[in-house]
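K.L.:
Encoded as structure tokens, here's the structure I'll be asking about.
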Amino acid sequence: MNTAPRTRVQRRPVHGVLLLDKPLGLSSNDALQKAKWLLRAEKAGHTGTLDPLATGVLPLCFGAATKFSQLQLEAAKTYEAIAVLGTTTTTGDAEGEVVQRREVDPAELTPERIAAVQQQFTGPIRQVPPMHSALKKDGRALYEYARAGVTVEREARDVVIHALKLSLALTDKGLNAIKMIVTCSKGTYIRTLGEDIGAALGYGAHLSFLRRIDTGGLGVERCVTLAQLEAMPEAERMACLEAPESLLAGHTRVTLDGENAARFLSGVRRRGNWPDASAVAVFGENPPALLGVGHIVGGELVPDRLLSPLEIQQILESKPHTASMAPRGTLEEL
């Protein structure tokens, strides 16, 4: 028995976004805890779970960036997936027990038929959430019922498939499959989509591969793996962090001078000649720093989520960011 004392990690304030390429088989929370340990971060959170059997983009938020993690929960996401035709499973993926098998005739999978199914599942659709999901029913996750062999009633939910590309493929075992590239709204279950597409083609299907390649404009090409992170010196790990404002790419940017920046940080509305905007990223002018987010209505800039002065100071001290590139807003004197 190993009785050696555990090394205590000295935590520190870390602010930013780590774009992680989550590995296969690891839960989102396990990936978060591993990255948090490697960065010695005090505060961290992720932007929505990715199934253990899925890989790909998992934005991890540290410190001040956690204030904006909800924005990624709402963002559209893009996935690559493989749906194996002719076999359905209890879970909708390769981990489940086989429910039904059916021989697939490739001659029936014509380009015209695949194109018709692609059109059928593009745009607003309704999905029945799978039993093997974290969605809650009477305070319990659906997967808890499923593990107990209980099936509960689930209401169909409205989701949007913004873009869908289907193509015929073969698995490494020579099985007929459909490759899917899907851009979808929050709450879409790709396993269910694969099952429904397989059913529409007349064979049923289950997912054998799932990879998220983009979430809210954050693409997998910008990601780092846990193995890469672990092999780096600490300074290089910190350099992998993107600024908190990387989560605010779709926001209108406004820069305030010193006096008005201080008032905004105190939660006071500012008046200017800006057009209405529902999502605004607000920066200080000197020093150049993200102050928070808000919205503009009737020429008033209204604070929504603010960074604390301490967070701003720590961000500026740890790594200079490029908030100064934000376009300046014209401000009327109050």
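Following the order of the structure tokens, first chain is A, next is B, and so on, with residues numbered from 1 inside each chain and ligands from 1 in the order they appear.
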Mind the document's chain letters and residue numbers, and return as a PyMOL selection string the residues of region 190-328 of chain A that DSSP labels alpha helix (DSSP H).
P.N.:
chain A and resi 190-200+226-231+234-239+258-265+309-318
K.L.:
Using C-alpha atoms, can you export the residues from the last selection as a PDB file, in the first residue's frame?
P.N.:
ATOM      1  CA  ILE A 190     -26.914  13.340 -33.061  1.00  0.00           C
ATOM      2  CA  ARG A 191     -27.465   9.711 -32.023  1.00  0.00           C
ATOM      3  CA  THR A 192     -31.203  10.222 -32.424  1.00  0.00           C
ATOM      4  CA  LEU A 193     -30.684  11.967 -35.759  1.00  0.00           C
ATOM      5  CA  GLY A 194     -28.622   9.006 -36.964  1.00  0.00           C
ATOM      6  CA  GLU A 195     -31.297   6.552 -35.829  1.00  0.00           C
ATOM      7  CA  ASP A 196     -34.048   8.584 -37.496  1.00  0.00           C
ATOM      8  CA  ILE A 197     -32.113   8.887 -40.764  1.00  0.00           C
ATOM      9  CA  GLY A 198     -31.479   5.120 -40.712  1.00  0.00           C
ATOM     10  CA  ALA A 199     -35.200   4.512 -40.138  1.00  0.00           C
ATOM     11  CA  ALA A 200     -36.110   6.873 -43.003  1.00  0.00           C
ATOM     12  CA  LEU A 226      -4.664  16.668 -23.228  1.00  0.00           C
ATOM     13  CA  ALA A 227      -1.609  14.653 -24.273  1.00  0.00           C
ATOM     14  CA  GLN A 228      -0.099  17.721 -25.950  1.00  0.00           C
ATOM     15  CA  LEU A 229      -0.916  19.871 -22.937  1.00  0.00           C
ATOM     16  CA  GLU A 230       0.626  17.387 -20.519  1.00  0.00           C
ATOM     17  CA  ALA A 231       3.875  17.251 -22.530  1.00  0.00           C
ATOM     18  CA  GLU A 234       3.910  25.230 -17.826  1.00  0.00           C
ATOM     19  CA  ALA A 235       4.533  28.473 -19.726  1.00  0.00           C
ATOM     20  CA  GLU A 236       3.496  26.830 -22.999  1.00  0.00           C
ATOM     21  CA  ARG A 237       0.329  25.480 -21.387  1.00  0.00           C
ATOM     22  CA  MET A 238      -0.627  28.996 -20.353  1.00  0.00           C
ATOM     23  CA  ALA A 239       0.081  30.227 -23.876  1.00  0.00           C
ATOM     24  CA  GLY A 258     -11.439  55.716 -18.489  1.00  0.00           C
ATOM     25  CA  GLU A 259     -14.191  57.592 -16.641  1.00  0.00           C
ATOM     26  CA  ASN A 260     -17.047  55.860 -18.429  1.00  0.00           C
ATOM     27  CA  ALA A 261     -15.359  52.479 -18.181  1.00  0.00           C
ATOM     28  CA  ALA A 262     -15.210  52.890 -14.398  1.00  0.00           C
ATOM     29  CA  ARG A 263     -18.886  53.814 -14.241  1.00  0.00           C
ATOM     30  CA  PHE A 264     -19.851  50.886 -16.466  1.00  0.00           C
ATOM     31  CA  LEU A 265     -17.868  48.534 -14.203  1.00  0.00           C
ATOM     32  CA  PRO A 309     -11.507  44.956 -11.151  1.00  0.00           C
ATOM     33  CA  LEU A 310      -9.357  42.186  -9.639  1.00  0.00           C
ATOM     34  CA  GLU A 311     -10.081  39.847 -12.561  1.00  0.00           C
ATOM     35  CA  ILE A 312      -9.207  42.586 -15.042  1.00  0.00           C
ATOM     36  CA  GLN A 313      -5.961  43.312 -13.216  1.00  0.00           C
ATOM     37  CA  GLN A 314      -5.004  39.631 -13.131  1.00  0.00           C
ATOM     38  CA  ILE A 315      -5.725  39.230 -16.853  1.00  0.00           C
ATOM     39  CA  LEU A 316      -3.600  42.256 -17.725  1.00  0.00           C
ATOM     40  CA  GLU A 317      -0.752  41.072 -15.516  1.00  0.00           C
ATOM     41  CA  SER A 318      -0.742  37.500 -16.812  1.00  0.00           C
TER      42      SER A 318
END
K.L.:
Return as CSV the residues of region 25-85 of chain A lying at most 10 Å from region 153-161 of chain A, together with the closest atom-to-atom pair for each and the distance in Å to one decimal, counting only C-alpha atoms, with rows in chain order and ascending residue number.
P.N.:
residue,atom,partner,partner_atom,distance
A:Ala76,CA,A:Val160,CA,9.4
A:Lys77,CA,A:Ile161,CA,9.9
A:Thr78,CA,A:Ile161,CA,9.9
K.L.:
Which polymer residues have any atom within 8 Å of an atom of region 40-55 of chain A, counting only C-alpha atoms, with same-chain residues fewer than 4 positions away left out, as number ranges by chain?
P.N.:
A: 9-14, 21-29, 32, 36, 59-63, 66, 69-70, 72-73, 209-212
K.L.:
Rank nothing, just name the residue among A:Leu38, A:Ala64, A:Leu241, A:Val302 nearest to Ser266 (chain A), using only C-alpha atoms.
P.N.:
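The shortest atom-to-atom distance to Ser266 (chain A) comes from A:Val302.
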K.L.:
So which one's closest to Gly299 (chain A), A:Leu247, A:Val282, A:Ile181, A:Ala277? Using only C-alpha atoms, please.
P.N.:
A:Ala277
K.L.:
Per DSSP on the backbone, filter region 141-283 of chain A down to the residues in strand (DSSP E) and report them as a ChimeraX atom specification.
P.N.:
/A:141,157-170,176-184,205-215,218-219,252-256,270-271,277-283
